[in-house]
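Novice: Here it is: the structure, laid out below.
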Amino acid sequence: VRTIASKEPFRDISLGWQTVAELWRTRRQWEILHLHQGHVQTVAAAVLARTLGRPVLATFHSRPSGAIGARGVIERVSNRLLLFGATHRVFVSEDTMSAFGSPGTVIPNGIDVGAIRAALGSRNELRNDLGTNGLLIAYAGRKTMNKGYFDLLEALRKVLDEGVEAHLLVAGDAPDAEVLEIRHRVEALGLQDYVHDLGVV
């Protein structure tokens, strides 16, 4: 395992450059690259691998976020370049593959449902511990705008405004840059009593 520390102010470019430098330095130690999602770093790594005549497997986990502005342009270009540069493409669902509009192999994420159910215990006890009734919505993942978390908060507010008793159970972390924005958004929407944040569990 090699750790690469990104450097400000151009973190993505720094990370991409350092990754390519490390892959070039260790080029006799690897034969294939397995990359995830289209980022500056993964595109740069794919270009180097293809230049060296090595295969590139790219796994796409989520649909394009639809971000706007410079961030959106970089995301769209990076995804297209990685799709083009990969010798093999894997998508976690048919829906994801369709969203990227590219052929590939679908390999769903594996979940041991039995083990999870056995570890959960009683759902009624969980509801009692949280003090929730009615509809309980669970969100597990990074609490960030590009994962749709802010949209979920807006949707919860609309459900509550329709008179439906609903609560949101959240497990996961949040980027440092968005922690305050999340707190302000929850307060602005009046969701303090309806969002139960368990943090990283």
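How things are named: the first chain in the structure tokens is A, the next is B, and so on; residues count from 1 in each chain; ligands count from 1 in the order shown.
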Please provide the set of residues having any atom within 8 Å of range 91-107 of chain A, restricted to only C-alpha atoms, with same-chain residues fewer than 6 positions apart removed, written as JSON, numbers by chain.

Specialist: {"A": [59, 60, 61, 62, 63, 64, 83]}

Novice: Taking 4 positions as the minimum chain separation for residues in the same chain, which residues sit within 7 Å of range 70-79 of chain A when counting only C-alpha atoms? Answer as a list in words.

Specialist: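 What passes the distance filter is Gln37, Gly38, His39, Val40, Val43, Gly66 and Leu83 of chain A.
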
Novice: Pick from A:Ala49, A:Leu82, A:Leu136, A:Ala174: nearest to Val159 in chain A, with only C-alpha atoms counted?

Specialist: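 The shortest atom-to-atom distance to Val159 in chain A comes from A:Leu136.
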
Novice: Quick one: of A:Ile32, A:Ala45, A:Gln192, A:Arg185, who's nearest to Gly16 in chain A, counting only C-alpha atoms?

Specialist: A:Ala45

Novice: Which one of A:Val200, A:Ala21, A:Leu153, A:Leu130 sits closest to His184 in chain A if you count only C-alpha atoms?

Specialist: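 Distance minimum relative to His184 in chain A lands on A:Leu153.
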
Novice: Write out as a ChimeraX atom specification which residues come within 9 Å of Gly85 in chain A when counting only C-alpha atoms, dropping same-chain ones fewer than 5 positions away.

Specialist: /A:43,46-47,50,56,58,80

Novice: Extract, using only C-alpha atoms, all DNA, RNA and protein residues at most 12 Å from Ala177 in chain A, discarding same-chain residues fewer than 6 positions from it, and format them as a PDB file with N, CA, C and O atoms, in the first residue's frame.

Specialist:
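Printed below is selection_26.pdb as written:
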```pdb
ATOM      1  N   LYS A 143     -22.550  11.685   3.428  1.00  0.00           N
ATOM      2  CA  LYS A 143     -23.529  12.779   3.429  1.00  0.00           C
ATOM      3  C   LYS A 143     -22.917  13.936   2.653  1.00  0.00           C
ATOM      4  O   LYS A 143     -22.245  14.797   3.226  1.00  0.00           O
ATOM      5  N   THR A 144     -23.177  13.954   1.366  1.00  0.00           N
ATOM      6  CA  THR A 144     -22.580  14.975   0.525  1.00  0.00           C
ATOM      7  C   THR A 144     -23.533  15.336  -0.598  1.00  0.00           C
ATOM      8  O   THR A 144     -24.414  14.546  -0.962  1.00  0.00           O
ATOM      9  N   MET A 145     -23.378  16.528  -1.116  1.00  0.00           N
ATOM     10  CA  MET A 145     -24.275  17.016  -2.155  1.00  0.00           C
ATOM     11  C   MET A 145     -24.263  16.109  -3.384  1.00  0.00           C
ATOM     12  O   MET A 145     -25.310  15.797  -3.941  1.00  0.00           O
ATOM     13  N   ARG A 183     -25.570  21.067   8.504  1.00  0.00           N
ATOM     14  CA  ARG A 183     -26.209  21.506   9.749  1.00  0.00           C
ATOM     15  C   ARG A 183     -27.151  22.671   9.481  1.00  0.00           C
ATOM     16  O   ARG A 183     -28.289  22.697   9.967  1.00  0.00           O
TER      17      ARG A 183
END
```

Novice: Rank nothing, just name the residue among A:Leu48, A:Ala171, A:Glu181, A:Leu35 nearest to Val20 in chain A, using only C-alpha atoms.

Specialist: A:Leu48

Novice: Neighbouring residues of Leu168 in chain A were defined as those with any atom within 9 Å, considering only C-alpha atoms; residues of the same chain fewer than 4 positions away were excluded. Please report them as a list in words.

Specialist: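 My list of contacting residues is Leu135, Leu136, Ile137, Ala138, Tyr139, Leu153, Leu156, Tyr194, Val195, His196 and Asp197 of chain A.
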
Novice: Would you save the residues from that selection as a compact mmCIF listing (two decimals), in the first residue's frame, using N, CA, C and O atoms?

Specialist:
```
# COMPACT_ATOMS: atom_id res chain seq x y z
N LEU A 135 -43.30 6.54 9.13
CA LEU A 135 -42.36 6.15 8.08
C LEU A 135 -40.93 6.41 8.53
O LEU A 135 -40.59 7.51 8.96
N LEU A 136 -40.08 5.39 8.43
CA LEU A 136 -38.67 5.54 8.78
C LEU A 136 -37.84 5.28 7.54
O LEU A 136 -37.88 4.20 6.96
N ILE A 137 -37.11 6.30 7.10
CA ILE A 137 -36.29 6.22 5.90
C ILE A 137 -34.84 6.08 6.34
O ILE A 137 -34.37 6.83 7.20
N ALA A 138 -34.12 5.13 5.77
CA ALA A 138 -32.72 4.92 6.13
C ALA A 138 -31.81 5.38 4.99
O ALA A 138 -32.09 5.13 3.82
N TYR A 139 -30.73 6.07 5.36
CA TYR A 139 -29.71 6.49 4.39
C TYR A 139 -28.36 6.06 4.94
O TYR A 139 -27.98 6.44 6.05
N LEU A 153 -32.87 15.59 2.04
CA LEU A 153 -33.38 16.47 3.10
C LEU A 153 -34.57 17.30 2.60
O LEU A 153 -35.57 17.46 3.31
N LEU A 156 -37.58 15.04 2.40
CA LEU A 156 -38.16 14.77 3.72
C LEU A 156 -39.03 15.93 4.17
O LEU A 156 -40.13 15.73 4.70
N TYR A 194 -36.36 15.31 13.15
CA TYR A 194 -36.73 14.25 12.22
C TYR A 194 -35.52 13.55 11.59
O TYR A 194 -35.68 12.52 10.93
N VAL A 195 -34.33 14.11 11.77
CA VAL A 195 -33.11 13.50 11.22
C VAL A 195 -32.32 12.93 12.40
O VAL A 195 -31.90 13.64 13.30
N HIS A 196 -32.14 11.62 12.39
CA HIS A 196 -31.42 10.92 13.45
C HIS A 196 -30.08 10.46 12.86
O HIS A 196 -30.01 9.46 12.13
N ASP A 197 -29.04 11.21 13.16
CA ASP A 197 -27.73 10.96 12.56
C ASP A 197 -26.89 10.10 13.51
O ASP A 197 -26.52 10.53 14.60
```

Novice: DSSP on the backbone: what in range 2-200 of chain A comes out strand (DSSP E or B), as a VMD selection string?

Specialist: chain A and resid 33 to 36 56 to 60 88 to 91 105 to 106 135 to 140 166 to 171 195 to 197

Novice: With distances taken over only C-alpha atoms, which residue among A:Asp193, A:Val90, A:Trp17, A:Leu152 lies nearest Asn109 in chain A?

Specialist: A:Val90

Novice: For CA of His88 in chain A and CA of Leu23 in chain A, quote the distance in Å rounded to one decimal.

Specialist: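 Atom-to-atom, CA of His88 in chain A to CA of Leu23 in chain A, that is 19.3 Å.
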